[in-house]
$ cat query-v9.cif   # mmCIF, C-alpha atoms and all ligand atoms
data_input
loop_
_atom_site.label_atom_id
_atom_site.label_comp_id
_atom_site.auth_asym_id
_atom_site.auth_seq_id
_atom_site.Cartn_x
_atom_site.Cartn_y
_atom_site.Cartn_z
CA MET A 28 0.00 0.00 0.00
CA HIS A 29 0.79 3.42 -0.07
CA HIS A 30 -1.35 5.29 -0.46
CA ASP A 31 -2.32 6.35 1.49
CA GLY A 32 -5.81 10.17 0.51
CA SER A 33 -7.17 15.23 1.91
CA ASP A 34 -10.17 16.70 2.76
CA SER A 35 -12.23 14.69 5.11
CA THR A 36 -15.64 15.15 3.74
CA ASP A 37 -15.01 14.01 0.23
CA GLY A 38 -13.36 10.88 1.51
CA GLY A 39 -9.91 12.17 0.82
CA HIS A 40 -6.78 11.72 2.71
CA PRO A 41 -4.43 13.50 4.96
CA GLY A 42 -3.81 16.95 4.40
CA GLY A 43 -4.15 20.62 4.93
CA SER A 44 -7.58 21.28 3.60
CA PRO A 45 -9.92 23.35 5.72
CA ASP A 46 -11.27 21.06 8.38
CA PRO A 47 -12.87 21.79 11.70
CA ARG A 48 -11.03 19.09 13.62
CA SER A 49 -7.88 19.51 15.67
CA PHE A 50 -5.20 17.03 14.67
CA ASP A 51 -4.36 16.78 18.38
CA ARG A 52 -7.73 15.09 18.88
CA SER A 53 -8.55 13.29 15.67
CA PRO A 54 -6.80 12.14 12.51
CA LEU A 55 -8.09 12.89 9.06
CA VAL A 56 -7.19 9.38 7.93
CA VAL A 57 -6.76 5.99 9.56
CA THR A 58 -5.15 3.45 7.26
CA TRP A 59 -5.50 -0.22 8.14
CA GLU A 60 -3.18 -2.74 6.50
CA SER A 61 -5.82 -5.45 6.36
CA THR A 62 -3.30 -8.11 5.29
CA GLN A 63 0.21 -8.35 3.89
CA ALA A 64 -0.81 -11.14 1.53
CA CYS A 65 -0.67 -10.25 -2.15
CA ASP A 66 -0.15 -12.11 -5.41
CA LEU A 67 2.13 -9.32 -6.64
CA THR A 68 5.67 -8.45 -5.55
CA CYS A 69 6.03 -4.82 -6.59
CA ASP A 70 9.55 -3.45 -6.34
CA HIS A 71 8.71 -0.59 -4.00
CA CYS A 72 6.21 -2.37 -1.70
CA ARG A 73 6.33 -1.03 1.84
CA ALA A 74 4.63 -4.16 3.14
CA GLU A 75 7.13 -6.50 1.45
CA ALA A 76 4.02 -8.43 0.55
CA GLN A 77 3.79 -12.13 1.35
CA THR A 78 2.19 -14.93 -0.63
CA GLU A 79 0.26 -16.27 2.39
CA ARG A 80 -1.87 -14.52 4.98
CA ASP A 81 -0.30 -14.15 8.41
CA PRO A 82 -2.25 -16.12 11.04
CA GLY A 83 -1.59 -13.16 13.35
CA GLU A 84 -3.74 -10.82 11.24
CA LEU A 85 -6.62 -9.11 13.00
CA SER A 86 -9.67 -11.39 13.01
CA THR A 87 -13.02 -10.29 11.61
CA ALA A 88 -14.19 -9.42 15.13
CA ASP A 89 -10.96 -7.51 15.84
CA ALA A 90 -11.35 -5.59 12.59
CA LYS A 91 -14.90 -4.59 13.54
CA ASP A 92 -13.62 -3.53 16.94
CA LEU A 93 -11.07 -1.36 15.14
CA VAL A 94 -13.87 0.20 13.06
CA ASP A 95 -15.78 0.99 16.27
CA GLN A 96 -12.66 2.64 17.67
CA VAL A 97 -12.15 4.74 14.53
CA ALA A 98 -15.78 5.84 14.69
CA SER A 99 -15.32 6.82 18.34
CA PHE A 100 -12.98 9.66 17.34
CA GLY A 101 -16.28 11.46 16.78
CA HIS A 102 -17.34 13.95 14.16
CA PRO A 103 -16.23 14.57 11.57
CA PRO A 104 -15.18 10.92 11.26
CA PRO A 105 -11.75 10.02 9.92
CA VAL A 106 -11.49 8.46 6.50
CA PHE A 107 -10.94 4.73 6.93
CA VAL A 108 -8.56 3.36 4.28
CA VAL A 109 -8.47 -0.42 3.96
CA SER A 110 -5.12 -1.25 2.37
CA GLY A 111 -2.71 -4.18 2.16
CA GLY A 112 -1.03 -6.24 0.71
CA ASP A 113 -4.19 -6.94 -1.22
CA PRO A 114 -7.40 -6.58 0.81
CA LEU A 115 -9.05 -9.02 -1.59
CA GLN A 116 -6.94 -11.78 -0.01
CA ARG A 117 -9.26 -11.55 3.00
CA PRO A 118 -12.49 -13.51 2.53
CA ASP A 119 -14.23 -11.23 5.06
CA ILE A 120 -13.30 -8.01 3.28
CA PHE A 121 -16.81 -7.15 2.09
CA GLU A 122 -18.24 -7.79 5.56
CA ILE A 123 -15.68 -5.42 7.11
CA LEU A 124 -16.14 -2.73 4.44
CA SER A 125 -19.93 -2.91 4.94
CA TYR A 126 -19.48 -2.60 8.68
CA ALA A 127 -17.27 0.47 8.26
CA VAL A 128 -19.67 2.17 5.85
CA ASP A 129 -22.64 1.37 8.12
CA SER A 130 -20.66 2.85 11.04
CA GLY A 131 -20.61 6.18 9.21
CA LEU A 132 -16.97 6.12 8.15
CA PRO A 133 -16.00 7.44 4.71
CA THR A 134 -14.31 4.24 3.56
CA ALA A 135 -11.71 3.65 0.86
CA VAL A 136 -10.14 0.43 -0.38
CA THR A 137 -6.86 -0.20 -2.21
CA PRO A 138 -7.15 -3.53 -4.08
CA ALA A 139 -4.13 -4.88 -5.97
CA PRO A 140 -4.63 -5.15 -9.74
CA THR A 141 -4.75 -8.96 -9.93
CA GLU A 142 -7.26 -11.37 -11.46
CA ASN A 143 -9.13 -11.21 -8.15
CA LEU A 144 -10.16 -7.66 -9.04
CA THR A 145 -13.17 -8.35 -11.27
CA PRO A 146 -16.20 -6.34 -12.41
CA GLU A 147 -18.23 -8.18 -9.75
CA VAL A 148 -15.83 -7.04 -7.02
CA VAL A 149 -15.88 -3.42 -8.18
CA SER A 150 -19.68 -3.52 -8.44
CA ARG A 151 -19.84 -4.86 -4.89
CA PHE A 152 -17.62 -2.06 -3.58
CA ALA A 153 -20.04 0.40 -5.17
CA ASP A 154 -23.14 -1.37 -3.78
CA ILE A 155 -21.68 -1.41 -0.26
CA GLY A 156 -21.17 2.35 -0.45
CA VAL A 157 -17.38 2.36 -0.48
CA HIS A 158 -16.42 5.94 -1.07
CA ARG A 159 -13.41 5.44 -3.22
CA MET A 160 -11.16 2.78 -4.73
CA ALA A 161 -7.46 3.59 -4.98
CA LEU A 162 -5.37 2.24 -7.85
CA SER A 163 -1.63 2.61 -8.34
CA LEU A 164 -0.22 4.03 -11.55
CA ASP A 165 3.51 4.65 -11.74
CA GLY A 166 3.95 5.28 -15.44
CA PRO A 167 1.84 6.68 -18.28
CA ASP A 168 2.00 3.55 -20.45
CA PRO A 169 2.43 -0.23 -20.09
CA GLU A 170 6.19 -0.10 -20.62
CA THR A 171 6.94 2.37 -17.84
CA HIS A 172 4.26 1.31 -15.36
CA ASP A 173 4.78 -2.46 -15.68
CA GLY A 174 8.56 -1.91 -15.69
CA PHE A 175 8.43 0.06 -12.43
CA ARG A 176 6.17 -2.45 -10.70
CA GLY A 177 7.96 -5.49 -12.14
CA GLU A 178 4.60 -6.93 -13.21
CA ALA A 179 3.55 -7.45 -16.85
CA GLY A 180 -0.10 -6.64 -17.53
CA SER A 181 -0.53 -4.42 -14.49
CA TYR A 182 -1.17 -1.28 -16.54
CA GLU A 183 -3.99 -3.00 -18.40
CA SER A 184 -5.49 -4.26 -15.13
CA VAL A 185 -5.51 -0.75 -13.64
CA THR A 186 -7.11 0.67 -16.79
CA ARG A 187 -9.83 -2.00 -16.77
CA ALA A 188 -10.55 -1.51 -13.07
CA ALA A 189 -10.94 2.25 -13.61
CA GLU A 190 -13.41 1.57 -16.43
CA TRP A 191 -15.45 -0.75 -14.22
CA ALA A 192 -15.47 1.85 -11.47
CA GLU A 193 -16.87 4.42 -13.88
CA GLU A 194 -19.48 1.92 -15.05
CA PHE A 195 -20.65 1.25 -11.49
CA GLY A 196 -20.38 4.81 -10.25
CA LEU A 197 -17.49 4.18 -7.86
CA GLY A 198 -15.06 7.08 -7.34
CA ILE A 199 -11.37 6.36 -7.84
CA GLN A 200 -8.10 7.90 -6.84
CA ILE A 201 -4.77 7.21 -8.48
CA ASN A 202 -1.66 6.70 -6.37
CA THR A 203 1.75 7.37 -7.90
CA THR A 204 5.22 6.82 -6.44
CA VAL A 205 7.87 9.36 -7.43
CA THR A 206 11.51 8.37 -7.61
CA ALA A 207 14.50 9.81 -9.44
CA ARG A 208 13.65 7.48 -12.33
CA THR A 209 9.92 8.12 -12.57
CA ALA A 210 9.72 11.90 -11.98
CA GLN A 211 10.12 12.52 -15.71
CA TYR A 212 6.77 10.81 -16.34
CA LEU A 213 4.71 13.03 -14.03
CA PRO A 214 3.25 15.24 -16.79
CA ALA A 215 2.12 12.25 -18.85
CA ILE A 216 0.77 10.45 -15.76
CA ALA A 217 -1.16 13.61 -14.83
CA ASP A 218 -2.93 13.44 -18.20
CA ARG A 219 -3.64 9.75 -17.72
CA VAL A 220 -5.14 10.40 -14.28
CA ALA A 221 -7.63 12.75 -15.94
CA ASP A 222 -8.40 10.20 -18.68
CA LEU A 223 -9.14 7.55 -16.05
CA GLY A 224 -11.71 9.83 -14.40
CA ALA A 225 -10.02 10.00 -11.00
CA THR A 226 -11.18 12.55 -8.44
CA MET A 227 -7.88 12.52 -6.59
CA TRP A 228 -4.22 12.04 -7.48
CA GLU A 229 -2.08 11.02 -4.52
CA VAL A 230 1.62 11.47 -5.20
CA PHE A 231 3.93 9.61 -2.86
CA PHE A 232 7.54 10.75 -2.51
CA LEU A 233 9.58 7.64 -1.90
CA VAL A 234 10.72 6.78 1.60
CA PRO A 235 13.47 4.17 1.48
CA VAL A 236 11.82 1.31 3.41
CA GLY A 237 10.71 -2.19 2.44
CA ARG A 238 11.58 -3.14 -1.11
CA GLY A 239 11.71 0.59 -1.88
CA GLU A 240 15.17 0.68 -0.29
CA ASP A 241 16.64 -0.26 -3.66
CA LEU A 242 15.05 2.66 -5.48
CA THR A 243 16.64 6.07 -5.75
CA ALA A 244 14.84 9.02 -4.21
CA LEU A 245 14.76 12.41 -5.88
CA SER A 246 17.33 15.03 -4.97
CA PRO A 247 15.99 17.87 -2.79
CA ALA A 248 16.17 20.34 -5.71
CA ALA A 249 14.36 17.94 -8.04
CA ALA A 250 11.73 17.28 -5.36
CA ASP A 251 11.02 21.01 -5.01
CA GLU A 252 10.79 21.32 -8.77
CA ALA A 253 8.34 18.41 -8.92
CA LEU A 254 6.26 19.86 -6.07
CA ALA A 255 6.01 23.27 -7.77
CA TRP A 256 4.99 21.59 -10.99
CA LEU A 257 2.38 19.49 -9.14
CA PHE A 258 0.97 22.59 -7.48
CA HIS A 259 0.41 24.36 -10.79
CA ARG A 260 -0.88 21.22 -12.51
CA GLY A 261 -3.27 20.73 -9.60
CA GLN A 262 -4.72 24.20 -10.10
CA GLU A 263 -6.05 23.25 -13.51
CA ALA A 264 -6.64 19.50 -13.06
CA PRO A 265 -10.13 17.98 -12.85
CA TYR A 266 -8.98 16.18 -9.71
CA ARG A 267 -7.41 17.08 -6.38
CA VAL A 268 -3.64 16.63 -6.02
CA ILE A 269 -2.22 15.62 -2.66
CA THR A 270 1.23 14.47 -1.62
CA VAL A 271 2.31 11.79 0.82
CA GLU A 272 5.61 11.99 2.72
CA ALA A 273 6.30 15.40 1.17
CA PRO A 274 4.69 18.02 3.41
CA GLN A 275 7.05 20.47 1.71
CA TYR A 276 4.19 20.65 -0.79
CA ARG A 277 2.55 23.11 1.59
CA ARG A 278 5.70 25.25 1.76
CA VAL A 279 6.13 25.20 -2.02
CA ALA A 280 2.44 26.09 -2.56
CA ARG A 281 2.86 29.13 -0.32
CA GLN A 282 6.03 30.14 -2.07
CA GLU A 283 4.28 29.84 -5.43
CA ALA A 284 0.93 31.40 -4.55
CA GLY A 285 0.99 33.11 -1.15
CA SER A 286 0.15 32.27 2.42
CA ASP A 287 -3.60 31.76 1.95
CA VAL A 288 -3.21 28.72 -0.21
CA THR A 289 -3.88 25.33 1.34
CA VAL A 290 -3.00 22.01 -0.26
CA GLY A 291 -3.23 18.42 0.90
CA SER A 292 -0.32 16.54 2.34
CA THR A 293 0.22 13.97 5.05
CA ARG A 294 2.37 13.99 8.15
CA ALA A 295 2.90 10.94 10.32
CA GLY A 296 1.02 11.05 13.61
CA SER A 297 -0.50 14.46 12.86
CA GLY A 298 -3.73 13.86 11.01
CA PHE A 299 -2.66 10.36 10.06
CA VAL A 300 -2.32 7.02 11.84
CA PHE A 301 -1.52 3.54 10.53
CA VAL A 302 -2.66 0.19 11.93
CA SER A 303 -0.67 -2.84 10.79
CA HIS A 304 -2.09 -6.25 9.84
CA ARG A 305 -1.33 -7.40 13.40
CA GLY A 306 -2.94 -4.36 14.95
CA GLU A 307 0.25 -2.46 15.79
CA VAL A 308 -0.35 1.29 15.82
CA TYR A 309 2.23 3.38 13.96
CA PRO A 310 2.31 7.11 13.13
CA SER A 311 2.71 6.02 9.49
CA GLY A 312 3.28 2.84 7.52
CA PHE A 313 6.69 4.29 6.73
CA LEU A 314 7.53 5.03 10.38
CA PRO A 315 7.51 1.60 12.01
CA LEU A 316 7.70 2.60 15.67
CA SER A 317 4.80 0.90 17.45
CA SER A 318 2.93 2.82 20.12
CA GLY A 319 0.64 -0.03 21.11
CA ARG A 320 -1.72 -2.57 19.71
CA VAL A 321 -5.41 -2.68 18.91
CA PRO A 322 -7.95 -3.84 19.77
CA GLU A 323 -6.53 -4.45 23.28
CA GLN A 324 -5.45 -0.83 23.59
CA SER A 325 -7.46 2.20 22.57
CA LEU A 326 -6.57 3.70 19.20
CA VAL A 327 -8.06 7.01 20.34
CA ASP A 328 -5.90 7.07 23.50
CA ILE A 329 -2.76 6.18 21.56
CA TYR A 330 -3.37 8.82 18.91
CA ARG A 331 -4.15 11.56 21.41
CA SER A 332 -1.77 10.80 24.27
CA ASP A 333 1.10 8.53 23.27
CA PRO A 334 4.39 10.43 23.83
CA LEU A 335 5.69 9.70 20.32
CA PHE A 336 2.49 10.95 18.71
CA GLU A 337 2.60 14.08 20.87
CA ARG A 338 6.21 14.76 19.87
CA LEU A 339 5.38 14.28 16.20
CA ARG A 340 2.76 17.02 16.51
CA ASP A 341 5.20 19.51 18.03
CA PRO A 342 7.41 20.94 15.23
CA ASP A 343 9.22 23.20 17.73
CA GLY A 344 10.88 20.01 19.00
CA PHE A 345 12.17 18.89 15.61
CA ALA A 346 15.90 19.09 14.87
CA ASP A 347 17.10 22.14 12.93
CA PRO A 348 16.59 23.30 10.33
CA CYS A 349 13.03 21.91 10.50
CA GLY A 350 12.64 22.95 14.16
CA SER A 351 13.45 26.60 13.44
CA CYS A 352 12.06 26.76 9.92
CA PRO A 353 9.41 29.45 9.34
CA TYR A 354 7.35 26.76 7.59
CA ARG A 355 7.54 24.23 10.41
CA ASP A 356 3.87 24.50 11.32
CA VAL A 357 2.57 24.05 7.78
CA CYS A 358 5.28 21.60 6.71
CA GLY A 359 7.44 20.05 9.42
CA GLY A 360 9.10 17.67 6.98
CA SER A 361 8.50 13.95 6.53
CA ARG A 362 9.05 12.33 9.90
CA SER A 363 9.13 8.94 8.17
CA ARG A 364 12.00 9.92 5.89
CA ALA A 365 13.85 11.48 8.82
CA PHE A 366 13.53 8.16 10.67
CA ALA A 367 14.42 6.02 7.64
CA THR A 368 17.61 7.97 7.00
CA THR A 369 18.79 8.80 10.54
CA GLY A 370 16.90 6.55 12.96
CA ASP A 371 15.42 9.66 14.65
CA PRO A 372 11.85 10.61 13.72
CA LEU A 373 12.47 14.15 14.98
CA ALA A 374 15.51 14.75 12.73
CA ALA A 375 15.45 17.03 9.67
CA ASP A 376 13.87 15.72 6.47
CA PRO A 377 16.77 15.23 4.03
CA LEU A 378 14.47 15.71 1.01
CA CYS A 379 14.23 19.47 1.64
CA PRO A 380 16.73 21.89 0.03
CA ARG A 381 16.59 23.96 3.23
CA THR A 382 18.17 21.10 5.19
S1 LIG A 401 13.24 22.77 6.58
FE1 LIG A 401 11.83 21.18 7.34
S2 LIG A 401 9.99 22.32 8.00
FE2 LIG A 401 11.18 23.71 6.68
S3 LIG A 401 10.29 23.44 4.60
FE3 LIG A 401 12.06 22.04 4.80
S4 LIG A 401 11.19 20.08 5.48
FE4 LIG A 401 9.65 21.69 5.85
#
$ encode --input "query-v9.cif" --output "structure tokens"
Amino acid sequence: MHHDGSDSTDGGHPGGSPDPRSFDRSPLVVTWESTQACDLTCDHCRAEAQTERDPGELSTADAKDLVDQVASFGHPPPVFVVSGGDPLQRPDIFEILSYAVDSGLPTAVTPAPTENLTPEVVSRFADIGVHRMALSLDGPDPETHDGFRGEAGSYESVTRAAEWAEEFGLGIQINTTVTARTAQYLPAIADRVADLGATMWEVFFLVPVGRGEDLTALSPAAADEALAWLFHRGQEAPYRVITVEAPQYRRVARQEAGSDVTVGSTRAGSGFVFVSHRGEVYPSGFLPLSSGRVPEQSLVDIYRSDPLFERLRDPDGFADPCGSCPYRDVCGGSRSRAFATTGDPLAADPLCPRT
């Protein structure tokens, strides 16, 4: 998964859109890694997907307990993203998605593009009332996308799934991973995202964890260039653009268009929380420091009161230059990348040219 979604009410994902909630009290998005099992082995997979389901996965009852806990954050409810691995590897996935929708949670699902993803499955997502289906697209054509994911036929599968979603009236978002190699394709992917009818484009700036460790991240200067380009493309796109693990997007947007502008971007533990397949609670799927386990412990208590989560919401405590940066409150840097590169989640984000 990655993937991880912007504004709360349209089912989006983390990020700086106007929202009445305080991130100290409630996240915009809770992502649950429903399983690590997946038939694919994409090169950059954070989950390092497995062929078999882990017997330690949350049970159906545990998953429903988790849904109850997410709902207990109150109103407005967080977006509940059911990711993986491939959620379709769980035979109870429709039951859990139904339960989440019936509990009042805007619910998204991120199925892998395998032969398990059929028109019947997409139709069922729509019937249940799933808000959005996320699909990954990392290149504008079969050669680049399948090459990046190491999976022939994946591009065609994504295209077909998007067509079925349109047929059944299910909203989609496209998730794209940016690396030094794939940044050149962003303009062509942006056009493709429009062609596929997506309402959101979630652009993930690589954090070197999982199988992604072998991929090369952008340089700080190239990342800023890509973020500025994304901002301007987003102004004219028929979909919303958000970034993941690049909160510098908010700084760049202000530099490009002034201090009133607000764009979507995630930050670990501040508006976002990740629950692993075993129920471990992390600030992000890319920041694997567990603060407890659900359903035994309370997700709400962990999010609001765990010392790590509190520190992640206090940019004044980050290492310089992030800690003294004039943009620390709107940006704060990727805490996941800081951890992946230094072992300290409060260190500076090396992707920023200011660091
Ligand atoms: S120095 Fe840190 S807080 Fe400032 S813009 Fe860069 S990443 Fe964001």
$ closest_atom_pairs --input "query-v9.cif" --of "chain A" --to "ligand LIG 401 (chain A)" --cutoff "10 Å" --atoms "only C-alpha atoms and all ligand atoms" --output "tab-separated table"
residue	atom	partner	partner_atom	distance
A:Pro247	CA	A:LIG401	FE3	9.5
A:Asp251	CA	A:LIG401	FE3	9.9
A:Ala273	CA	A:LIG401	S4	8.0
A:Pro274	CA	A:LIG401	FE4	6.6
A:Gln275	CA	A:LIG401	FE4	5.0
A:Tyr276	CA	A:LIG401	S3	8.6
A:Arg277	CA	A:LIG401	S3	8.3
A:Arg278	CA	A:LIG401	S3	5.7
A:Val279	CA	A:LIG401	S3	8.0
A:Pro342	CA	A:LIG401	S2	7.8
A:Asp343	CA	A:LIG401	S2	9.8
A:Phe345	CA	A:LIG401	FE1	8.6
A:Ala346	CA	A:LIG401	FE1	8.8
A:Asp347	CA	A:LIG401	S1	7.5
A:Pro348	CA	A:LIG401	S1	5.1
A:Cys349	CA	A:LIG401	FE1	3.5
A:Gly350	CA	A:LIG401	S2	6.7
A:Ser351	CA	A:LIG401	FE2	7.7
A:Cys352	CA	A:LIG401	FE2	4.5
A:Pro353	CA	A:LIG401	FE2	6.6
A:Tyr354	CA	A:LIG401	FE2	5.0
A:Arg355	CA	A:LIG401	S2	3.9
A:Asp356	CA	A:LIG401	S2	7.3
A:Val357	CA	A:LIG401	S2	7.6
A:Cys358	CA	A:LIG401	FE4	4.5
A:Gly359	CA	A:LIG401	S2	3.7
A:Gly360	CA	A:LIG401	S4	3.5
A:Ser361	CA	A:LIG401	S4	6.8
A:Arg362	CA	A:LIG401	S4	9.2
A:Ala365	CA	A:LIG401	S4	9.6
A:Ala374	CA	A:LIG401	FE1	9.2
A:Ala375	CA	A:LIG401	FE1	6.0
A:Asp376	CA	A:LIG401	S4	5.2
A:Pro377	CA	A:LIG401	S4	7.5
A:Leu378	CA	A:LIG401	S4	7.1
A:Cys379	CA	A:LIG401	FE3	4.6
A:Pro380	CA	A:LIG401	FE3	6.7
A:Arg381	CA	A:LIG401	S1	4.9
A:Thr382	CA	A:LIG401	S1	5.4
$ residues_around --input "query-v9.cif" --residues "A:Gly198" --least-positions-apart "2" --cutoff "8 Å" --atoms "all atoms listed in the file" --output "list in words"
His158, Arg159, Met160, Ala192, Glu193, Gly196, Gln200, Ala225 and Thr226 of chain A
$ closest_atom_pairs --input "query-v9.cif" --of "stretch 93-119 of chain A" --to "stretch 135-148 of chain A" --cutoff "7 Å" --atoms "only C-alpha atoms" --output "CSV"
residue,atom,partner,partner_atom,distance
A:Phe107,CA,A:Ala135,CA,6.2
A:Val108,CA,A:Ala135,CA,4.7
A:Val109,CA,A:Val136,CA,4.7
A:Ser110,CA,A:Thr137,CA,5.0
A:Asp113,CA,A:Ala139,CA,5.2
A:Pro114,CA,A:Pro138,CA,5.8
A:Leu115,CA,A:Pro138,CA,6.3
$ residues_around --input "query-v9.cif" --residues "stretch 129-133 of chain A" --least-positions-apart "5" --cutoff "7 Å" --atoms "all atoms listed in the file" --output "JSON, numbers by chain"
{"A": [38, 98, 104, 105, 106, 107, 158]}
$ closest_residue --input "query-v9.cif" --among "A:Ser246, A:Asn202, A:Ser61, A:Ser363" --to "A:Asp89" --atoms "only C-alpha atoms"
A:Ser61
$ closest_residue --input "query-v9.cif" --among "A:Arg80, A:Gly312, A:Leu55, A:Leu339" --to "A:Pro103" --atoms "all atoms listed in the file"
A:Leu55
$ atom_distance --input "query-v9.cif" --atom1 "atom CA of A:Ser53" --atom2 "atom CA of A:Phe299"
8.6 Å
$ residues_near_point --input "query-v9.cif" --point "(4.7, 2.2, 7.6)" --cutoff "9 Å" --atoms "only C-alpha atoms" --output "ChimeraX atom specification"
/A:29,73-74,236,301-303,309-316,363
$ residues_around --input "query-v9.cif" --residues "A:Val149" --least-positions-apart "6" --cutoff "8 Å" --atoms "only C-alpha atoms" --output "PyMOL selection string"
chain A and resi 188+191-192+195+197
